[in-house]
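Structure file coords-v4.tsv (TSV, C-alpha atoms) follows.
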chain	number	residue	atom	x	y	z
A	27	MET	CA	-50.93	-41.75	23.28
A	28	GLY	CA	-47.96	-43.14	21.35
A	29	ARG	CA	-49.11	-41.56	18.07
A	30	TYR	CA	-49.54	-38.18	19.80
A	31	HIS	CA	-45.92	-38.25	21.06
A	32	SER	CA	-44.60	-39.33	17.68
A	33	VAL	CA	-46.17	-36.21	16.08
A	34	VAL	CA	-45.42	-33.71	18.86
A	35	SER	CA	-41.78	-34.69	19.38
A	36	PRO	CA	-40.64	-33.80	15.84
A	37	LEU	CA	-42.63	-30.56	16.04
A	38	LEU	CA	-40.98	-29.59	19.32
A	39	LEU	CA	-37.59	-30.47	17.90
A	40	ALA	CA	-38.28	-28.31	14.81
A	41	VAL	CA	-39.35	-25.36	16.99
A	42	LEU	CA	-36.22	-25.68	19.14
A	43	VAL	CA	-33.96	-25.83	16.08
A	44	VAL	CA	-35.62	-22.77	14.51
A	45	HIS	CA	-35.21	-20.73	17.72
A	46	VAL	CA	-31.84	-21.98	18.98
A	47	LEU	CA	-29.84	-21.79	15.72
A	48	PRO	CA	-30.34	-18.03	15.24
A	49	LEU	CA	-29.27	-17.45	18.84
A	50	SER	CA	-26.10	-19.49	18.38
A	51	TYR	CA	-25.39	-17.58	15.16
A	52	LEU	CA	-25.75	-14.26	17.00
A	53	ALA	CA	-23.44	-15.55	19.73
A	54	THR	CA	-20.72	-16.26	17.16
A	55	LEU	CA	-21.11	-12.76	15.75
A	56	ALA	CA	-20.68	-11.27	19.21
A	57	GLN	CA	-17.24	-12.88	19.63
A	58	VAL	CA	-14.29	-10.50	19.44
A	59	GLU	CA	-12.54	-10.69	16.09
A	60	GLU	CA	-8.79	-11.21	16.01
A	61	PRO	CA	-6.67	-8.54	14.29
A	62	VAL	CA	-5.47	-9.25	10.76
A	63	ILE	CA	-3.14	-7.43	8.37
A	64	VAL	CA	-5.23	-6.25	5.42
A	65	ASP	CA	-2.62	-4.15	3.60
A	66	PRO	CA	-0.05	-4.84	2.25
A	67	THR	CA	-1.10	-8.25	0.96
A	68	GLU	CA	0.05	-10.92	-1.44
A	69	ALA	CA	-2.20	-9.37	-4.08
A	70	LEU	CA	-0.94	-5.80	-3.69
A	71	THR	CA	2.70	-5.71	-2.63
A	72	ALA	CA	4.18	-2.62	-0.96
A	73	ILE	CA	7.49	-1.54	-2.49
A	74	THR	CA	10.12	0.22	-0.38
A	75	THR	CA	13.84	0.79	-0.13
A	76	VAL	CA	16.35	0.90	2.69
A	77	GLY	CA	15.47	4.09	4.54
A	78	GLY	CA	11.94	3.99	3.11
A	79	TYR	CA	8.59	3.49	4.82
A	80	ILE	CA	6.00	0.74	5.02
A	81	GLU	CA	2.45	1.52	6.12
A	82	VAL	CA	0.58	-1.50	7.46
A	83	ALA	CA	-3.22	-1.44	7.80
A	84	VAL	CA	-4.53	-3.84	10.44
A	85	TYR	CA	-8.21	-4.65	10.85
A	86	ASP	CA	-8.29	-4.37	14.61
A	87	PRO	CA	-11.82	-3.89	16.02
A	88	GLY	CA	-10.60	-4.33	19.60
A	89	GLY	CA	-7.78	-1.79	19.26
A	90	VAL	CA	-5.19	-4.14	20.77
A	91	VAL	CA	-2.40	-3.79	18.20
A	92	GLY	CA	-1.44	-0.26	19.17
A	93	SER	CA	-1.00	-1.21	22.81
A	94	GLY	CA	2.16	-2.35	24.51
A	95	ASP	CA	5.45	-3.05	22.84
A	96	LEU	CA	5.05	-2.96	19.06
A	97	ARG	CA	7.80	-4.33	16.82
A	98	GLY	CA	8.06	-5.42	13.22
A	99	TYR	CA	10.40	-7.24	10.92
A	100	LEU	CA	10.59	-8.55	7.38
A	101	ALA	CA	11.51	-12.13	6.53
A	102	CYS	CA	13.12	-12.05	3.09
A	103	PRO	CA	14.36	-14.98	1.00
A	104	SER	CA	18.01	-14.69	0.02
A	105	PRO	CA	20.56	-17.01	-1.59
A	106	ARG	CA	21.89	-17.81	1.90
A	107	GLY	CA	18.49	-18.58	3.46
A	108	VAL	CA	16.12	-16.13	5.11
A	109	ALA	CA	17.28	-12.60	5.93
A	110	ASN	CA	15.38	-10.92	8.78
A	111	LEU	CA	15.27	-7.13	8.49
A	112	SER	CA	14.24	-5.23	11.63
A	113	LEU	CA	11.79	-2.39	11.16
A	114	GLU	CA	11.78	0.84	13.14
A	115	LEU	CA	8.41	2.01	14.48
A	116	VAL	CA	7.56	5.50	13.22
A	117	ASP	CA	3.86	6.05	13.95
A	118	VAL	CA	0.68	4.30	15.13
A	119	ARG	CA	-2.81	5.73	14.60
A	120	ARG	CA	-6.41	4.50	14.78
A	121	SER	CA	-9.36	5.15	12.50
A	122	GLY	CA	-12.57	3.24	13.14
A	123	ASP	CA	-11.83	-0.49	13.32
A	124	PHE	CA	-8.37	-0.08	11.79
A	125	THR	CA	-4.92	0.51	13.25
A	126	TYR	CA	-2.35	2.00	10.89
A	127	VAL	CA	1.27	1.27	11.72
A	128	ARG	CA	4.13	3.01	9.92
A	129	PHE	CA	7.56	1.41	9.97
A	130	SER	CA	10.81	2.41	8.31
A	131	VAL	CA	13.39	0.06	6.91
A	132	GLY	CA	16.29	1.51	8.87
A	133	ALA	CA	19.14	3.13	6.97
A	134	ARG	CA	21.50	0.99	9.06
A	135	VAL	CA	20.10	-2.20	7.52
A	136	ASP	CA	22.97	-3.89	5.74
A	137	LEU	CA	21.69	-5.86	2.76
A	138	PRO	CA	23.86	-8.67	1.46
A	139	GLU	CA	25.97	-7.85	-1.61
A	140	ASP	CA	24.02	-10.28	-3.79
A	141	TRP	CA	20.67	-8.69	-2.78
A	142	TYR	CA	18.12	-8.52	-5.56
A	143	PRO	CA	14.53	-7.29	-5.41
A	144	VAL	CA	12.69	-9.89	-3.36
A	145	ILE	CA	9.21	-10.09	-1.92
A	146	CYS	CA	9.32	-10.43	1.85
A	147	GLY	CA	6.82	-11.40	4.49
A	148	ILE	CA	6.00	-8.90	7.23
A	149	THR	CA	5.47	-9.74	10.90
A	150	ILE	CA	4.18	-7.40	13.60
A	151	ARG	CA	4.67	-8.38	17.24
A	152	TYR	CA	2.52	-6.82	19.95
A	153	GLY	CA	1.80	-7.81	23.54
A	154	GLY	CA	3.18	-11.35	23.16
A	155	LYS	CA	1.22	-12.02	19.96
A	156	CYS	CA	2.13	-11.66	16.31
A	157	LEU	CA	0.48	-10.99	12.96
A	158	SER	CA	2.10	-12.09	9.72
A	159	ARG	CA	1.44	-11.66	6.03
A	160	SER	CA	3.65	-13.53	3.59
A	161	ARG	CA	4.91	-12.15	0.28
A	162	SER	CA	3.70	-8.62	0.90
A	163	VAL	CA	6.68	-6.21	0.85
A	164	ALA	CA	9.35	-5.80	-1.83
A	165	VAL	CA	12.62	-4.32	-0.56
A	166	LEU	CA	14.98	-2.66	-3.01
A	167	ARG	CA	18.57	-1.61	-2.30
A	168	GLU	CA	18.01	1.91	-3.65
A	169	VAL	CA	15.40	3.92	-5.50
A	170	PRO	CA	15.59	2.74	-9.11
A	171	GLU	CA	15.40	5.01	-12.14
A	172	ARG	CA	12.66	2.72	-13.37
A	173	LEU	CA	10.80	-0.19	-11.83
A	174	ARG	CA	8.93	-2.73	-13.92
A	175	VAL	CA	6.53	-4.88	-11.99
A	176	MET	CA	4.68	-7.85	-13.47
A	177	HIS	CA	1.62	-8.88	-11.48
A	178	ILE	CA	0.20	-12.36	-12.07
A	179	SER	CA	-3.11	-13.12	-10.40
A	180	ASP	CA	-6.21	-15.27	-10.67
A	181	ILE	CA	-4.40	-18.24	-12.16
A	182	HIS	CA	-6.56	-21.20	-11.21
A	183	LEU	CA	-4.91	-24.49	-12.06
A	184	VAL	CA	-8.07	-26.55	-11.77
A	185	THR	CA	-11.49	-25.15	-12.51
A	186	PRO	CA	-14.56	-27.09	-13.64
A	187	LEU	CA	-15.11	-24.90	-16.71
A	188	THR	CA	-11.64	-25.02	-18.26
A	189	PRO	CA	-10.30	-27.91	-20.27
A	190	LEU	CA	-7.63	-29.89	-18.45
A	191	GLY	CA	-4.27	-28.19	-18.88
A	192	THR	CA	-5.56	-24.82	-20.13
A	193	SER	CA	-4.79	-22.98	-16.86
A	194	TYR	CA	-1.38	-24.63	-16.72
A	195	HIS	CA	-0.61	-23.25	-20.19
A	196	HIS	CA	-1.76	-19.76	-19.16
A	197	LEU	CA	0.53	-19.87	-16.13
A	198	LEU	CA	3.42	-21.22	-18.21
A	199	SER	CA	2.87	-18.43	-20.75
A	200	ALA	CA	2.96	-15.81	-17.97
A	201	ILE	CA	6.21	-17.26	-16.58
A	202	LEU	CA	7.82	-17.34	-20.03
A	203	LEU	CA	6.68	-13.76	-20.65
A	204	ALA	CA	8.12	-12.61	-17.29
A	205	ASN	CA	11.42	-14.28	-18.11
A	206	ALA	CA	11.50	-12.76	-21.62
A	207	LEU	CA	10.71	-9.20	-20.48
A	208	ASP	CA	13.04	-6.95	-18.54
A	209	VAL	CA	10.98	-7.22	-15.33
A	210	ASP	CA	12.38	-6.22	-11.92
A	211	VAL	CA	9.74	-7.73	-9.64
A	212	VAL	CA	7.14	-10.43	-10.39

Would you mind giving the structure from this file in structure tokens?
Amino acid sequence: MGRYHSVVSPLLLAVLVVHVLPLSYLATLAQVEEPVIVDPTEALTAITTVGGYIEVAVYDPGGVVGSGDLRGYLACPSPRGVANLSLELVDVRRSGDFTYVRFSVGARVDLPEDWYPVICGITIRYGGKCLSRSRSVAVLREVPERLRVMHISDIHLVTPLTPLGTSYHHLLSAILLANALDVDVV
């Protein structure tokens, strides 16, 4: 009798695991996903000016972002700390699982005299909640005659396949190149 139980118990346990795990996986898929800003991002910065527009794409399967009071602002680094720039809501529209929100950087926004092109974080507030995406919007004082942007990406400081220090030297080279060139935004 004891040998029978020692064989059957692991088999029953294996059957339960095989049947229960897929059900728990399906239960996690059925949970409502939280909204997230998908554009602009750190990898692809939106560039605007005072009086210009910012279009924000939010993955929002529940459609909750467009409801209630919707506000936005930019948090921008400045020599005096962080400058918060209020955004004016222009338009909200839905398409599939996405909510598209258009804001304008109001013409009444008074940028500090020592303002230079900076990359700001954007925050959207809706119904007592907020979504944020850091380093995603560059705000310029006025439309430039030319704008030179240097984009640095995929710099991995430690990877198993690179010799120690190689990635550091690539990053250092990119920084030196950005400083040597006449670049407006990095």

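Put simply, CA of Val82 in chain A is 21.9 Å away from CA of Leu173 in chain A.
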
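Using only C-alpha atoms, the residues found no farther than 8 Å from range 67-80 of chain A, other than those of its own chain fewer than 5 positions away, are Arg128, Phe129, Ser130, Val131, Gly132, Ala133, Val135, Ile145, Arg159, Ser160, Arg161, Ser162, Val163, Ala164, Val165, Leu166, Arg167, Glu168, Val169 and Ser179 of chain A.
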
Selected residues written out, C-alpha atoms, as a short mmCIF file (atom, residue, chain, number, x, y, z; two decimals), keeping the file's coordinate frame:
data_model
loop_
_atom_site.label_atom_id
_atom_site.label_comp_id
_atom_site.auth_asym_id
_atom_site.auth_seq_id
_atom_site.Cartn_x
_atom_site.Cartn_y
_atom_site.Cartn_z
CA ARG A 128 4.13 3.01 9.92
CA PHE A 129 7.56 1.41 9.97
CA SER A 130 10.81 2.41 8.31
CA VAL A 131 13.39 0.06 6.91
CA GLY A 132 16.29 1.51 8.87
CA ALA A 133 19.14 3.13 6.97
CA VAL A 135 20.10 -2.20 7.52
CA ILE A 145 9.21 -10.09 -1.92
CA ARG A 159 1.44 -11.66 6.03
CA SER A 160 3.65 -13.53 3.59
CA ARG A 161 4.91 -12.15 0.28
CA SER A 162 3.70 -8.62 0.90
CA VAL A 163 6.68 -6.21 0.85
CA ALA A 164 9.35 -5.80 -1.83
CA VAL A 165 12.62 -4.32 -0.56
CA LEU A 166 14.98 -2.66 -3.01
CA ARG A 167 18.57 -1.61 -2.30
CA GLU A 168 18.01 1.91 -3.65
CA VAL A 169 15.40 3.92 -5.50
CA SER A 179 -3.11 -13.12 -10.40
#

> Which distance in Å separates CA of Glu59 in chain A and CA of Asp95 in chain A, to one decimal?
Replying inline: 20.7 Å

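Candidate residues A:Arg97, A:Val90, A:Pro66, A:Val209 were compared for distance to Ile150 in chain A, and the nearest is A:Arg97, using only C-alpha atoms.
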
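Minimum distance to Tyr126 in chain A across A:Glu139, A:Asp65, A:Glu114, A:Glu171 (counting only C-alpha atoms) occurs at A:Asp65.
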
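Within 12 Å of the point (-3.9, 4.9, 13.7), counting all atoms listed in the file, the protein and nucleic acid residues come to A:Glu81, A:Val82, A:Ala83, A:Val84, A:Tyr85, A:Asp86, A:Gly89, A:Val90, A:Val91, A:Gly92, A:Ser93, A:Val116, A:Asp117, A:Val118, A:Arg119, A:Arg120, A:Ser121, A:Gly122, A:Asp123, A:Phe124, A:Thr125, A:Tyr126, A:Val127, A:Arg128.
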
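Between CA of Gly107 in chain A and CA of Asp208 in chain A there is a distance of 25.5 Å.
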
> Which residue gives the smallest distance to Leu96 in chain A among A:Cys146, A:Leu137, A:Leu157, A:Ala109, with all atoms listed in the file counted?
Replying inline: A:Leu157

Complete range 109-123 of chain A at the level of N, CA, C and O atoms, written as a PDB file, in the frame of the given file.
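Written output follows (out-v2.pdb):
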ATOM      1  N   ALA A 109      16.710 -13.782   5.289  1.00  0.00           N
ATOM      2  CA  ALA A 109      17.280 -12.600   5.930  1.00  0.00           C
ATOM      3  C   ALA A 109      16.169 -11.879   6.672  1.00  0.00           C
ATOM      4  O   ALA A 109      15.143 -11.544   6.081  1.00  0.00           O
ATOM      5  N   ASN A 110      16.359 -11.657   7.969  1.00  0.00           N
ATOM      6  CA  ASN A 110      15.380 -10.920   8.780  1.00  0.00           C
ATOM      7  C   ASN A 110      15.825  -9.468   8.879  1.00  0.00           C
ATOM      8  O   ASN A 110      16.930  -9.184   9.342  1.00  0.00           O
ATOM      9  N   LEU A 111      14.973  -8.556   8.440  1.00  0.00           N
ATOM     10  CA  LEU A 111      15.270  -7.130   8.490  1.00  0.00           C
ATOM     11  C   LEU A 111      14.387  -6.492   9.558  1.00  0.00           C
ATOM     12  O   LEU A 111      13.161  -6.533   9.462  1.00  0.00           O
ATOM     13  N   SER A 112      15.007  -5.902  10.581  1.00  0.00           N
ATOM     14  CA  SER A 112      14.240  -5.230  11.630  1.00  0.00           C
ATOM     15  C   SER A 112      13.664  -3.938  11.101  1.00  0.00           C
ATOM     16  O   SER A 112      14.295  -3.225  10.321  1.00  0.00           O
ATOM     17  N   LEU A 113      12.457  -3.630  11.542  1.00  0.00           N
ATOM     18  CA  LEU A 113      11.790  -2.390  11.160  1.00  0.00           C
ATOM     19  C   LEU A 113      11.757  -1.454  12.352  1.00  0.00           C
ATOM     20  O   LEU A 113      11.650  -1.899  13.493  1.00  0.00           O
ATOM     21  N   GLU A 114      11.849  -0.157  12.082  1.00  0.00           N
ATOM     22  CA  GLU A 114      11.780   0.840  13.140  1.00  0.00           C
ATOM     23  C   GLU A 114      10.381   1.437  13.163  1.00  0.00           C
ATOM     24  O   GLU A 114       9.872   1.883  12.128  1.00  0.00           O
ATOM     25  N   LEU A 115       9.758   1.461  14.336  1.00  0.00           N
ATOM     26  CA  LEU A 115       8.410   2.010  14.480  1.00  0.00           C
ATOM     27  C   LEU A 115       8.465   3.521  14.339  1.00  0.00           C
ATOM     28  O   LEU A 115       9.248   4.199  14.998  1.00  0.00           O
ATOM     29  N   VAL A 116       7.615   4.062  13.460  1.00  0.00           N
ATOM     30  CA  VAL A 116       7.560   5.500  13.220  1.00  0.00           C
ATOM     31  C   VAL A 116       6.286   6.101  13.810  1.00  0.00           C
ATOM     32  O   VAL A 116       6.320   7.121  14.491  1.00  0.00           O
ATOM     33  N   ASP A 117       5.126   5.455  13.552  1.00  0.00           N
ATOM     34  CA  ASP A 117       3.860   6.050  13.950  1.00  0.00           C
ATOM     35  C   ASP A 117       2.797   4.964  14.069  1.00  0.00           C
ATOM     36  O   ASP A 117       2.817   3.979  13.333  1.00  0.00           O
ATOM     37  N   VAL A 118       1.843   5.169  14.989  1.00  0.00           N
ATOM     38  CA  VAL A 118       0.680   4.300  15.130  1.00  0.00           C
ATOM     39  C   VAL A 118      -0.536   5.211  15.272  1.00  0.00           C
ATOM     40  O   VAL A 118      -0.524   6.138  16.065  1.00  0.00           O
ATOM     41  N   ARG A 119      -1.574   4.946  14.479  1.00  0.00           N
ATOM     42  CA  ARG A 119      -2.810   5.730  14.600  1.00  0.00           C
ATOM     43  C   ARG A 119      -4.005   4.838  14.359  1.00  0.00           C
ATOM     44  O   ARG A 119      -3.900   3.803  13.712  1.00  0.00           O
ATOM     45  N   ARG A 120      -5.158   5.258  14.909  1.00  0.00           N
ATOM     46  CA  ARG A 120      -6.410   4.500  14.780  1.00  0.00           C
ATOM     47  C   ARG A 120      -7.409   5.287  13.966  1.00  0.00           C
ATOM     48  O   ARG A 120      -7.447   6.510  14.028  1.00  0.00           O
ATOM     49  N   SER A 121      -8.231   4.557  13.219  1.00  0.00           N
ATOM     50  CA  SER A 121      -9.360   5.150  12.500  1.00  0.00           C
ATOM     51  C   SER A 121     -10.428   4.071  12.395  1.00  0.00           C
ATOM     52  O   SER A 121     -10.260   3.090  11.671  1.00  0.00           O
ATOM     53  N   GLY A 122     -11.505   4.243  13.131  1.00  0.00           N
ATOM     54  CA  GLY A 122     -12.570   3.240  13.140  1.00  0.00           C
ATOM     55  C   GLY A 122     -12.067   1.918  13.673  1.00  0.00           C
ATOM     56  O   GLY A 122     -11.471   1.865  14.748  1.00  0.00           O
ATOM     57  N   ASP A 123     -12.269   0.845  12.915  1.00  0.00           N
ATOM     58  CA  ASP A 123     -11.830  -0.490  13.320  1.00  0.00           C
ATOM     59  C   ASP A 123     -10.412  -0.816  12.844  1.00  0.00           C
ATOM     60  O   ASP A 123      -9.987  -1.962  12.908  1.00  0.00           O
TER      61      ASP A 123
END
